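Asker: Pasting in a structure now, in structure tokens, and then I'll have a few things to ask.
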Amino acid sequence: MADQLNKMASMVAKGAMSRREFNTRAAALGASSVLASSMLASAARADTPVKGGTLIAGIQGGESTNSLDPALAASDVPFMVNSTWGEMLVDVDNGELKMRMAEEVSSNADATQWMFKIRQGVEFHDGKTMTAEDVVATLMRHTGDEAASGAQGIVKGIKEMKAEGDMVTLTLESANADLPFLMADYHLVIQPGGGVDNPAAGNGTGAYKIVANEPGVRHTFERHANYWDSESAHADNVEIFVINDNTARTAALQSGQIHMMNRVDPKIAELLKGTEGVTIERAAGPGHYVFIMRCDAAPFDNNDLRMALKLGINRAELVEKVLGGMGSPGNDFPINAAYPLFDSSIAQREYDPAAAAEFYKKSGHDGSPIVLQVAPGAFPGAVDAANLFAASANAAGIPLTIKLEPDDGYWSNVWNVAPFCASYWGGRPVQDQMYSTAYLSSAEWNDTAYRDPAFDALLVAGRGELDSAKRKGIYSQAANMLRDNGGLICPMFNDWVEARSNTVGGWISNPAGTLMDGKALRRCWVMA
Amino acid sequence: MKMPFSAMLGIFLTSSFVFLAVFAQFLAPYSITEASGGVWEGPSATHWLGTDTIGRDIFSRLIYGGQITIFVALASSVLAFSVGSFFGFMAAVRGGWADQIMSRIVDLMMAIPSLIVALVILSVLPLNLTVLILVIGLLDSTRVFRLSRAVAMDIAVMDYVEAAKLRGERQTWVIFREILPNALSPLVAEFGLRFIFAVLFISTLSFLGLGIQPPLADWGGMVKENKDGLVYGKSAALMPAFAIAALAISVNLVADWILSRTTSLKGGRGG
Amino acid sequence: MHPVLKLVVQRLALGLVLLLAVSAVIFLGIEALPGDTAQAILGQAATEVSLANLREKLGLNEPALTRYFVWLWAALHGDLGVALTNGVDIATAIGQRFGNTLFLAGCAAVISVPLAITLGLVAARYNGRWPDKVISGLTLTTISLPEFVAAYFVIFLLTQVFPIFQPVAMVFPGMSFWAKLNAVALPVIVLVMVVLAHMMRMTRAAILNVMQSAYIETAELKGLTPMQVIWRHAFPNAIAPIVSVVILNLAYLVVGVVVVEVVFGYNALGQYLVDHVTKRDLPVVQAVGMIFAAVYIGLNILADVISIGANPRLRHPK
């Protein structure tokens with residue numbers, strides 16, 4: 001009952017439920033009116049931002065090699081640090097566009113030209129005012145041929161960029177109905193002059209200014225006095241501690257050394273739940289763990305063998321044992337309900353040893369070991385998952401064996417090279433981007449070497465299609481093609497599992513990324 | 001001479017470990033890969049020591065893990081001692097340039113932290129048991145070299161060694177007949193410790209993601225797999241940790257006993 | 001020149017040559033690793049174009065030999081350069097972290113070395129009796145746990161069950177000495193546990209070995225108490241192996257505590273080095289490797305000098 005009451009009380013505080021309705025429902029639950037009103041009061045307190053104080057996050061995924069250059073950000077700590085000192089044109093919040101450095105977005109009729117109206121009077125930390133020229137320079141830096149940026153693949157479809165007054169106009173090579181969502185990519189932090197002179201200066205328009213930058217140790221910030229958004233930046237100071245060890249990070253949260261942490265091991269979440277003063281925050285995001293077969297390499301160039309392996313994996317067991325139940329089974333295409341226009345009617349593929357054995361026989365494989373390469377860092381629990389996969393496949397008579405690779409060099413030497421290995425995807429804000437990043441014939445990251453002109457044509461058609469019912473049909477078709485012919489084995493989508501101290505207010509889950517998609521320090525506050 | 005209780009305990013435990021390791025295939029109730037229970041179950045009649053992170057039987061994995069742990073640690077310590085003490089004595093007896101060259105090569109090897117060296121080597125070479133043993137053994141042999149050289153240096157200036165040299169004995173004769181017996185006690189004490197260090201080094205390599213191939217696991221790797229539950233009172237990680245400690249202690253009880261025997265053998269005054 | 005002084009000078013000169021050799025070996029080692037800095041930085045996000053661009057920017061297209069000598073030349077002039085990965089000045093970054101490394105190693109050494117030697121002497125004095133057995137048993141137990149198990153155990157015990165210390169042991173400039181001591185308490189406890197047994201056992205074994213000698217019997221016949229015999233006659237003669245082991249452990253405290261640093265998030269050199277090995281960041285690996293090597297070589301010269309100083313036969317060679 002208390003849970004339900006709490007939830008309702010916070011809905012009242014957020015304005016999603018009336019007081020009157022709350023009182024009626026609370027009475028129906030058998031709560032005394034004293035209890036109900038006290039809960040309401042504490043919920044209101046919890047939802048009223050408290051100004052001041054220091055908010056500390058303990059985060060895994062930082063090294064002493066990290067840079068403040070947004071183009072190079074790849075792991076959780078740089079992601080969080082950059083989101084704290086900088087902002088993008090837009091954010092994606094639970095599938096919706098939120099305007100940040102842009103105030104308004106519009107397009108021409110066939111979605112080949114996009115106009116962004118830039119917010120006026122926004123100041124960088126060094127006191128300069130942000131202009132449309134800064135925005136264009138930023139995008140240019142990530143696009144140019146000499147750029148070394150993680151966002152290069154995202155912005156390369158832009159043919160022309162123009163800044164006129166407070167307007168930025170982007171002309172595309174071909175139609176893309178999703179372009180504004182791409183501008184939320186965390187590499188595209190707006191920097192003065194595009195950050196060309198000093199990309200790692202850490203000078204941005206974000207809520208907090210950098211005070212101490214000690215990569216791999218900690219990053220400390222103070223509030224940006226002239227921050228434009230009065231709805232956020234509640235704490236006076238925020239700090240990020242890099243704590244890569246799971247056990248130490250959890251212990252630090254429990255002992256009050258930090259206020260929030262990312263990456264709670266699902267098995268630990270179950271145990272941590274019982275701890276006083278700590279709340280587990282879950283969000284069902286688009287991230288997924290995968291085993292990838294290259295469709296152009298023997299023996300995986302045989303679709304019957306691919307089907308045998310897809311049927312020989314026990315998804316329910318993996319979700320249960322590797323994710324501790326904190327996730328959902330995948331269906332061998334990279335999309336789930338976290339995406340707009342998802343077709344939930346596609347049948348869920350199950351573990352079927354008999355069918356797997358049949359496909360295996362049909363494939364005519366010579367019985368030599370099928371080697372799956374995996375490293376502990378491929379995704380959390382990767383080795384466990386691979387072991388379970390091997391056991392369930394062996395039970396269906398498929399000679400699957402595992403080869404352990406060191407984490408060191410895994411992404412350069414094994415991923416996208418080896419014919420069969422483990423990997424993960426963090427997901428993308430929209431379906432098209434996910435498919436275009438990894439399944440288009442010409443994509444750099446086509447790690448399954450899936451090349452199908454019909455599939456490519458579908459994607460192009462989807463981009464130009466502005467009617468959402470028709471688009472949904474197109475993506476459903478694409479999903480089915482990949483599910484039945486692709487090289488992707490997608491056994492599970494992982495939830496973001498994070499934890500915060502109960503003294504932290506303002507937490508709103510955002511499945512797009514870790515720690516409220518990087519906004520936790522900006523939007524949360526500490527209660528005294 | 002009567003064998004003390006601690007030595008008997010040590011011999012008993014060590015031989016039980018060896019017995020379990022040698023006959024692992026016949027003794028383990030489950031296979032090493034089979035997920036036969038739920039995640040982190042406590043000890044029960046079906047799983048004597050409970051289950052691990054993905055529901056595999058810990059008792060069975062301990063037995064198989066012991067086989068690998070003992071084999072790798074023993075092989076690498078023996079390698080380290082043969083190589084290290086031979087060259088160490090040689091350096092002490094020969095002195096001069098031979099000593100200088102060997103000592104500097106060892107200094108060079110030791111001057112680079114062994115973990116880093118192992119990290120570099122293991123990520124280039126294929127990960128298998130032979131490579132692992134060679135890497136651990138050779139890295140460890142530098143430590144043995146230094147110790148045996150230091151011990152032998154003190155012995156080499158003793159009058160009886162100089163007398164042997166003056167008699168015209170060959171160097172190998174001096175090493176094996178004069179130096180070795182007199183250097184044995186500190187070396188035996190060191191062997192016990194080196195064996196534990198080998199066990200710990202393997203587990204540290206596993207901790208950093210290099211080591212034994214799955215689904216096999218050494219005890220250190222098992223500790224690592226299960227360590228996250230430790231803070232919440234899940235005993236799974238304690239079992240392999242306890243096994244490491246028990247093995248280490250029993251090996252050292254035996255080493256201590258041998259140490260006290262070799263010292264009494266020298267005839268002086270019994271312990 | 002006095003023979004001991006001559007030996008020290010000789011060793012120092014050799015040490016410098018050794019350092020040069022170490023730099024070459026590290027360079028070759030990193031070169032031999034698969035992948036390069038550009039790939040390591042971009043990780044999963046690498047594309048052909050961005051890889052090529054980054055390589056060009058970092059100067060990775062120069063031949064290896066050129067890069068080595070360019071680095072060596074600059075290093076000899078005291079310029080360690082900047083990290084390839086994030087452009088941070090290496091000398092600055094290392095300065096602070098090396099201080100932290102020495103602080104942690106120093107704290108652990110100040111506790112463990114006297115404690116180990118005292119325990120070793122006591123164990124030798126009561127050889128085979130209960131104090132010996134208790135000491136030997138306890139130290140065997142502490143050394144028998146892998147470092148990370150010991151670390152998690154003290155985290156569990158001293159931050160959760162008895163919340164005395166904090167699990168994350170970072171130290172920053174500007175912290176008071178006491179605050180720093182409080183922060184490193186847990187790693188120091190773990191390190192003391194790890195190095196204690198080795199030194200204690202060697203002390204005990206070396207003393208017992210010397211106790212067989214005839215002059216000890218003479219000393220006993222003179223009527224000295226057992227502790228006096230050990231302290232005045234046995235200990236000075238057992239110093240060589242003891243010093244050798246103590247130095248090994250001191251070196252370990254400086255260069256080998258990566259695991260403890262990782263677990264407690266302690267910002268010292270080991271973690272810094274491992275991060276940069278993973279990213280193939282050669283200038284940093286070189287710089288840290290050289291520091292570790294220099295510490296090691298220096299400590300060893302010290303060990304040799306002490307051994308010679310303690311042994312009259314070596315002090316005055318015939």
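Identifiers for the structure tokens are assigned positionally: chains receive A, B, ... in sequence, residues are indexed from 1 per chain, and ligands are indexed from 1 in the order shown.
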Could you please select, counting only C-alpha atoms, the residues of chain A within 8 Å of chain C and state them as a ChimeraX atom specification?
Answerer: /A:63-68,72,74,145-150,152,200,216-217,242-245,247-249,251-252,254-255,257,408-409,411-413,444-445
Asker: Can I get the selection written as an mmCIF file, in the first residue's frame, with N, CA and C atoms?
Answerer:
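Once everything was written out, this is out31.cif:
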data_model
loop_
_atom_site.group_PDB
_atom_site.id
_atom_site.type_symbol
_atom_site.label_atom_id
_atom_site.label_comp_id
_atom_site.auth_asym_id
_atom_site.auth_seq_id
_atom_site.Cartn_x
_atom_site.Cartn_y
_atom_site.Cartn_z
ATOM 1 N N GLU A 63 38.508 6.887 -17.236
ATOM 2 C CA GLU A 63 39.923 6.532 -17.159
ATOM 3 C C GLU A 63 40.728 7.817 -17.067
ATOM 4 N N SER A 64 41.977 7.675 -16.646
ATOM 5 C CA SER A 64 42.830 8.859 -16.579
ATOM 6 C C SER A 64 43.177 9.359 -17.971
ATOM 7 N N THR A 65 42.775 8.611 -19.009
ATOM 8 C CA THR A 65 43.044 9.041 -20.376
ATOM 9 C C THR A 65 41.906 9.892 -20.945
ATOM 10 N N ASN A 66 40.831 10.098 -20.179
ATOM 11 C CA ASN A 66 39.675 10.826 -20.710
ATOM 12 C C ASN A 66 40.024 12.266 -21.047
ATOM 13 N N SER A 67 39.351 12.764 -22.090
ATOM 14 C CA SER A 67 39.543 14.133 -22.515
ATOM 15 C C SER A 67 38.215 14.867 -22.400
ATOM 16 N N LEU A 68 38.270 16.193 -22.347
ATOM 17 C CA LEU A 68 37.037 16.974 -22.321
ATOM 18 C C LEU A 68 36.511 17.247 -23.721
ATOM 19 N N LEU A 72 35.507 13.043 -28.676
ATOM 20 C CA LEU A 72 36.179 11.797 -28.312
ATOM 21 C C LEU A 72 35.457 11.032 -27.216
ATOM 22 N N ALA A 74 33.418 8.538 -25.201
ATOM 23 C CA ALA A 74 32.918 7.219 -25.534
ATOM 24 C C ALA A 74 32.352 6.498 -24.321
ATOM 25 N N ASP A 145 36.526 16.425 -43.063
ATOM 26 C CA ASP A 145 37.282 15.224 -43.370
ATOM 27 C C ASP A 145 38.408 14.987 -42.377
ATOM 28 N N GLU A 146 38.931 16.085 -41.814
ATOM 29 C CA GLU A 146 40.034 15.906 -40.872
ATOM 30 C C GLU A 146 39.524 15.665 -39.443
ATOM 31 N N ALA A 147 38.196 15.589 -39.300
ATOM 32 C CA ALA A 147 37.638 15.408 -37.967
ATOM 33 C C ALA A 147 37.915 13.994 -37.459
ATOM 34 N N ALA A 148 38.097 13.880 -36.148
ATOM 35 C CA ALA A 148 38.188 12.572 -35.522
ATOM 36 C C ALA A 148 37.076 12.552 -34.498
ATOM 37 N N SER A 149 35.879 12.255 -34.943
ATOM 38 C CA SER A 149 34.751 12.392 -34.034
ATOM 39 C C SER A 149 33.865 11.167 -34.051
ATOM 40 N N GLY A 150 33.348 10.848 -32.879
ATOM 41 C CA GLY A 150 32.407 9.746 -32.772
ATOM 42 C C GLY A 150 31.086 10.063 -33.440
ATOM 43 N N GLN A 152 30.874 11.520 -36.417
ATOM 44 C CA GLN A 152 31.083 11.759 -37.837
ATOM 45 C C GLN A 152 30.043 11.065 -38.707
ATOM 46 N N ALA A 200 39.261 20.686 -26.090
ATOM 47 C CA ALA A 200 39.132 20.122 -24.750
ATOM 48 C C ALA A 200 39.101 21.213 -23.682
ATOM 49 N N GLY A 216 39.874 10.413 -14.666
ATOM 50 C CA GLY A 216 40.059 9.130 -14.001
ATOM 51 C C GLY A 216 39.944 9.221 -12.500
ATOM 52 N N VAL A 217 39.788 10.428 -11.939
ATOM 53 C CA VAL A 217 39.692 10.580 -10.494
ATOM 54 C C VAL A 217 38.392 11.284 -10.133
ATOM 55 N N VAL A 242 35.045 9.228 -10.122
ATOM 56 C CA VAL A 242 35.205 8.056 -10.964
ATOM 57 C C VAL A 242 35.461 6.860 -10.059
ATOM 58 N N ILE A 243 34.490 5.974 -9.964
ATOM 59 C CA ILE A 243 34.656 4.774 -9.127
ATOM 60 C C ILE A 243 34.336 3.578 -10.002
ATOM 61 N N ASN A 244 35.371 2.940 -10.542
ATOM 62 C CA ASN A 244 35.135 1.878 -11.515
ATOM 63 C C ASN A 244 34.773 0.552 -10.868
ATOM 64 N N ASP A 245 35.113 0.378 -9.612
ATOM 65 C CA ASP A 245 34.849 -0.907 -8.969
ATOM 66 C C ASP A 245 33.416 -0.962 -8.441
ATOM 67 N N THR A 247 31.844 -2.915 -6.306
ATOM 68 C CA THR A 247 31.621 -3.077 -4.881
ATOM 69 C C THR A 247 31.903 -1.779 -4.140
ATOM 70 N N ALA A 248 33.003 -1.118 -4.495
ATOM 71 C CA ALA A 248 33.349 0.137 -3.823
ATOM 72 C C ALA A 248 32.300 1.199 -4.103
ATOM 73 N N ARG A 249 31.762 1.206 -5.336
ATOM 74 C CA ARG A 249 30.777 2.222 -5.691
ATOM 75 C C ARG A 249 29.499 2.032 -4.882
ATOM 76 N N ALA A 251 29.242 0.485 -2.025
ATOM 77 C CA ALA A 251 29.532 0.777 -0.620
ATOM 78 C C ALA A 251 29.560 2.283 -0.382
ATOM 79 N N ALA A 252 30.098 3.030 -1.357
ATOM 80 C CA ALA A 252 30.171 4.482 -1.212
ATOM 81 C C ALA A 252 28.771 5.092 -1.163
ATOM 82 N N GLN A 254 26.054 3.558 -0.096
ATOM 83 C CA GLN A 254 25.436 3.170 1.170
ATOM 84 C C GLN A 254 25.998 3.948 2.348
ATOM 85 N N SER A 255 27.286 4.299 2.266
ATOM 86 C CA SER A 255 27.873 5.015 3.394
ATOM 87 C C SER A 255 27.724 6.523 3.221
ATOM 88 N N GLN A 257 28.921 8.552 0.882
ATOM 89 C CA GLN A 257 30.027 9.279 0.263
ATOM 90 C C GLN A 257 29.608 9.871 -1.083
ATOM 91 N N ASP A 408 41.487 -5.893 -23.318
ATOM 92 C CA ASP A 408 42.454 -5.047 -23.971
ATOM 93 C C ASP A 408 42.462 -5.305 -25.471
ATOM 94 N N GLY A 409 42.123 -4.297 -26.253
ATOM 95 C CA GLY A 409 42.170 -4.452 -27.703
ATOM 96 C C GLY A 409 40.958 -5.147 -28.304
ATOM 97 N N TRP A 411 37.862 -4.176 -28.908
ATOM 98 C CA TRP A 411 37.060 -3.452 -29.900
ATOM 99 C C TRP A 411 37.805 -3.238 -31.208
ATOM 100 N N SER A 412 39.138 -3.314 -31.189
ATOM 101 C CA SER A 412 39.843 -3.167 -32.461
ATOM 102 C C SER A 412 40.159 -4.501 -33.098
ATOM 103 N N ASN A 413 40.377 -5.546 -32.280
ATOM 104 C CA ASN A 413 40.865 -6.787 -32.865
ATOM 105 C C ASN A 413 39.794 -7.838 -33.062
ATOM 106 N N GLU A 444 29.621 1.810 -41.861
ATOM 107 C CA GLU A 444 30.956 1.464 -41.346
ATOM 108 C C GLU A 444 30.858 0.402 -40.249
ATOM 109 N N TRP A 445 29.810 0.514 -39.448
ATOM 110 C CA TRP A 445 29.673 -0.376 -38.292
ATOM 111 C C TRP A 445 28.760 -1.542 -38.578
#
Asker: Pull out every residue of chain B sitting within 7 Å of chain C, counting only C-alpha atoms, and send them as a PyMOL selection string.
Answerer: chain B and resi 108+111-113+120+124+147+150-151+186+196+200+231+241+244-245+248-249+268-269
Asker: Can you list, as a list of chain:residue names, every protein, DNA or RNA residue that comes within 10 Å of range 274-276 of chain A when you count only C-alpha atoms, leaving out same-chain residues fewer than 4 positions away?
Answerer: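 Once the nearby chain positions are removed, what remains is A:Gln254, A:Ala269, A:Glu270, A:Ile280, A:Ser501, A:Asn502, B:Tyr232.
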Asker: Only residues of chain A matter here; which ones have an atom within 6 Å of chain B, counting only C-alpha atoms? Give them as a PyMOL selection string.
Answerer: chain A and resi 247+321+404+406
Asker: For C-alpha atoms, I'd like the residues from the last selection saved as a PDB file, in the first residue's frame.
Answerer:
ATOM      1  CA  THR A 247      31.621  -3.077  -4.881  1.00  0.00           C
ATOM      2  CA  LYS A 321      20.407 -14.954 -14.931  1.00  0.00           C
ATOM      3  CA  LEU A 404      37.849 -15.770 -24.099  1.00  0.00           C
ATOM      4  CA  PRO A 406      41.199 -10.008 -23.189  1.00  0.00           C
TER       5      PRO A 406
END
Asker: When you look at Phe145 in chain B with a cut-off of 7 Å (counting only C-alpha atoms), what residues show up, excluding the ones that are within fewer than 3 positions of it in the same chain? I need them as a PyMOL selection string.
Answerer: chain B and resi 84-85+87-88+141-142+148-149
Asker: Going by DSSP on the backbone, which bits of range 82-271 of chain C are helix (DSSP H, G or I)? Write them as a PyMOL selection string, please.
Answerer: chain C and resi 90-125+130-144+147-161+177-210+214-221+226-237+239-255+258-264+269-271
Asker: Rounded to one decimal place, report the CA of Leu400 in chain A-CA of Ile58 in chain B distance in Å.
Answerer: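 Pair CA of Leu400 in chain A / CA of Ile58 in chain B returns 23.3 Å.
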Asker: Which polymer residues have any atom within 9 Å of an atom of Ile136 in chain B, counting only C-alpha atoms, with same-chain residues fewer than 3 positions away left out, as a PyMOL selection string?
Answerer: chain B and resi 72-73+76-77+80+114+118+131-133+139-141+198+201-202
Asker: Considering only strand (DSSP E) as DSSP defines it on the backbone, what residues of range 106-304 of chain A qualify? List them as a compact mmCIF listing (two decimals) with N, CA and C atoms, in the first residue's frame.
Answerer:
# COMPACT_ATOMS: atom_id res chain seq x y z
N SER A 106 12.05 23.49 -37.68
CA SER A 106 11.06 23.30 -38.74
C SER A 106 11.76 22.74 -39.97
N SER A 107 10.96 22.22 -40.92
CA SER A 107 11.58 21.65 -42.11
C SER A 107 10.77 22.02 -43.34
N GLN A 113 15.44 19.82 -45.93
CA GLN A 113 16.06 21.03 -45.40
C GLN A 113 15.47 21.32 -44.02
N TRP A 114 16.37 21.56 -43.03
CA TRP A 114 15.90 21.77 -41.66
C TRP A 114 16.38 23.11 -41.14
N MET A 115 15.46 23.84 -40.47
CA MET A 115 15.79 25.15 -39.93
C MET A 115 15.75 25.10 -38.40
N PHE A 116 16.82 25.55 -37.76
CA PHE A 116 16.87 25.64 -36.29
C PHE A 116 16.95 27.10 -35.91
N LYS A 117 15.99 27.59 -35.09
CA LYS A 117 16.07 28.95 -34.57
C LYS A 117 16.86 28.88 -33.27
N ILE A 118 17.96 29.62 -33.19
CA ILE A 118 18.88 29.50 -32.06
C ILE A 118 18.43 30.39 -30.90
N ILE A 158 24.80 15.68 -44.04
CA ILE A 158 24.45 17.09 -44.22
C ILE A 158 25.30 17.67 -45.34
N LYS A 159 24.61 18.22 -46.36
CA LYS A 159 25.34 18.70 -47.54
C LYS A 159 25.85 20.12 -47.32
N GLU A 160 24.97 20.92 -46.69
CA GLU A 160 25.32 22.33 -46.56
C GLU A 160 24.83 22.86 -45.23
N MET A 161 25.65 23.73 -44.57
CA MET A 161 25.23 24.35 -43.32
C MET A 161 25.35 25.85 -43.48
N LYS A 162 24.34 26.56 -42.97
CA LYS A 162 24.34 28.02 -43.14
C LYS A 162 23.88 28.68 -41.86
N ALA A 163 24.56 29.77 -41.46
CA ALA A 163 24.10 30.55 -40.32
C ALA A 163 23.68 31.91 -40.82
N GLU A 164 22.43 32.30 -40.54
CA GLU A 164 21.94 33.62 -40.94
C GLU A 164 21.19 34.20 -39.77
N MET A 167 19.27 32.04 -37.29
CA MET A 167 18.80 30.80 -37.90
C MET A 167 19.96 29.96 -38.41
N VAL A 168 19.86 28.64 -38.17
CA VAL A 168 20.82 27.71 -38.77
C VAL A 168 20.04 26.85 -39.74
N THR A 169 20.50 26.78 -40.99
CA THR A 169 19.80 25.97 -41.99
C THR A 169 20.69 24.83 -42.44
N LEU A 170 20.18 23.60 -42.32
CA LEU A 170 20.94 22.43 -42.74
C LEU A 170 20.26 21.82 -43.96
N THR A 171 21.02 21.66 -45.04
CA THR A 171 20.47 21.03 -46.24
C THR A 171 21.06 19.63 -46.35
N LEU A 172 20.17 18.65 -46.52
CA LEU A 172 20.61 17.26 -46.49
C LEU A 172 20.81 16.71 -47.89
N TYR A 208 26.82 23.90 -15.35
CA TYR A 208 27.92 23.98 -14.39
C TYR A 208 29.26 24.21 -15.07
N LYS A 209 30.07 25.02 -14.41
CA LYS A 209 31.43 25.33 -14.88
C LYS A 209 32.41 24.37 -14.25
N ILE A 210 33.41 23.97 -15.01
CA ILE A 210 34.41 23.06 -14.47
C ILE A 210 35.33 23.78 -13.49
N VAL A 211 35.53 23.18 -12.31
CA VAL A 211 36.49 23.74 -11.35
C VAL A 211 37.76 22.89 -11.37
N ALA A 212 37.61 21.59 -11.08
CA ALA A 212 38.77 20.71 -11.12
C ALA A 212 38.51 19.61 -12.13
N ASN A 213 39.45 19.38 -13.03
CA ASN A 213 39.32 18.34 -14.03
C ASN A 213 40.47 17.36 -13.84
N GLU A 214 40.21 16.28 -13.13
CA GLU A 214 41.25 15.27 -12.90
C GLU A 214 40.77 13.97 -13.50
N ARG A 218 38.30 12.55 -10.50
CA ARG A 218 37.08 13.28 -10.21
C ARG A 218 37.00 14.51 -11.10
N HIS A 219 35.78 15.02 -11.21
CA HIS A 219 35.54 16.26 -11.93
C HIS A 219 34.64 17.07 -11.02
N THR A 220 35.02 18.31 -10.69
CA THR A 220 34.15 19.12 -9.83
C THR A 220 33.71 20.36 -10.59
N PHE A 221 32.50 20.83 -10.23
CA PHE A 221 31.88 21.94 -10.95
C PHE A 221 31.25 22.92 -9.97
N GLU A 222 31.10 24.18 -10.43
CA GLU A 222 30.27 25.13 -9.68
C GLU A 222 29.19 25.66 -10.63
N ARG A 223 28.10 26.19 -10.05
CA ARG A 223 27.00 26.61 -10.90
C ARG A 223 27.41 27.77 -11.80
N ASN A 237 27.16 23.21 -6.07
CA ASN A 237 28.31 22.50 -6.63
C ASN A 237 27.90 21.08 -6.98
N VAL A 238 28.45 20.56 -8.05
CA VAL A 238 28.27 19.14 -8.33
C VAL A 238 29.64 18.51 -8.55
N GLU A 239 29.74 17.22 -8.20
CA GLU A 239 31.01 16.52 -8.36
C GLU A 239 30.77 15.16 -8.97
N ILE A 240 31.72 14.72 -9.75
CA ILE A 240 31.67 13.38 -10.33
C ILE A 240 32.90 12.64 -9.84
N PHE A 241 32.69 11.56 -9.10
CA PHE A 241 33.79 10.70 -8.69
C PHE A 241 33.86 9.52 -9.64
N VAL A 242 35.04 9.23 -10.12
CA VAL A 242 35.20 8.06 -10.96
C VAL A 242 35.46 6.86 -10.06
N MET A 260 24.48 9.40 -5.92
CA MET A 260 23.88 8.57 -6.97
C MET A 260 24.99 7.81 -7.67
N MET A 261 24.61 6.68 -8.28
CA MET A 261 25.60 5.89 -9.00
C MET A 261 24.97 5.26 -10.23
N VAL A 278 18.19 4.03 0.30
CA VAL A 278 18.64 3.92 -1.08
C VAL A 278 17.47 3.52 -1.97
N THR A 279 17.34 4.14 -3.13
CA THR A 279 16.30 3.77 -4.08
C THR A 279 16.94 3.31 -5.37
N ILE A 280 16.42 2.19 -5.90
CA ILE A 280 16.90 1.70 -7.20
C ILE A 280 16.05 2.35 -8.28
N GLU A 281 16.70 2.89 -9.31
CA GLU A 281 15.97 3.50 -10.42
C GLU A 281 16.18 2.66 -11.67
N ARG A 282 15.07 2.21 -12.26
CA ARG A 282 15.17 1.40 -13.47
C ARG A 282 14.52 2.12 -14.64
N ALA A 283 15.08 1.97 -15.82
CA ALA A 283 14.44 2.52 -17.00
C ALA A 283 14.67 1.55 -18.14
N HIS A 288 20.99 -2.88 -25.92
CA HIS A 288 20.86 -4.33 -25.98
C HIS A 288 22.20 -5.01 -26.10
N TYR A 289 22.25 -6.24 -25.60
CA TYR A 289 23.44 -7.06 -25.66
C TYR A 289 23.28 -8.05 -26.81
N VAL A 290 24.34 -8.23 -27.58
CA VAL A 290 24.18 -9.03 -28.79
C VAL A 290 25.34 -10.01 -29.02
N PHE A 291 25.02 -11.05 -29.78
CA PHE A 291 26.03 -11.92 -30.37
C PHE A 291 25.92 -11.73 -31.86
N ILE A 292 27.04 -11.39 -32.49
CA ILE A 292 26.94 -11.05 -33.90
C ILE A 292 27.72 -12.01 -34.79
N MET A 293 27.01 -12.48 -35.83
CA MET A 293 27.62 -13.38 -36.81
C MET A 293 27.82 -12.58 -38.08
Asker: Applying 7 Å and only C-alpha atoms, which residues near Phe342 in chain A remain after dropping the ones on its own chain fewer than 4 positions away? List them as a PDB file with N, CA and C atoms, in the first residue's frame.
Answerer:
ATOM      1  N   ASN A 336      13.088  -2.099 -29.764  1.00  0.00           N
ATOM      2  CA  ASN A 336      12.088  -2.552 -28.801  1.00  0.00           C
ATOM      3  C   ASN A 336      11.098  -1.418 -28.534  1.00  0.00           C
ATOM      4  N   ALA A 337      10.276  -1.581 -27.528  1.00  0.00           N
ATOM      5  CA  ALA A 337       9.196  -0.625 -27.279  1.00  0.00           C
ATOM      6  C   ALA A 337       9.702   0.764 -26.881  1.00  0.00           C
ATOM      7  N   LYS A 472       5.554   3.201 -39.887  1.00  0.00           N
ATOM      8  CA  LYS A 472       5.517   2.071 -38.965  1.00  0.00           C
ATOM      9  C   LYS A 472       5.521   0.762 -39.745  1.00  0.00           C
TER      10      LYS A 472
END
Asker: Which residues, written as a list of chain:residue names, have at least one atom at most 8 Å from Phe207 in chain B, with only C-alpha atoms counted and residues fewer than 2 positions away on the same chain left out?
Answerer: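 The contact residues come out as B:Ser203, B:Thr204, B:Leu205, B:Gly209, B:Leu210, B:Gly220, B:Gly221, B:Lys224.
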Asker: What separation in Å, quoted to one decimal, exists between CA of Gly223 in chain C and CA of Asp256 in chain B?
Answerer: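 Going from CA of Gly223 in chain C over to CA of Asp256 in chain B, I get 29.5 Å.
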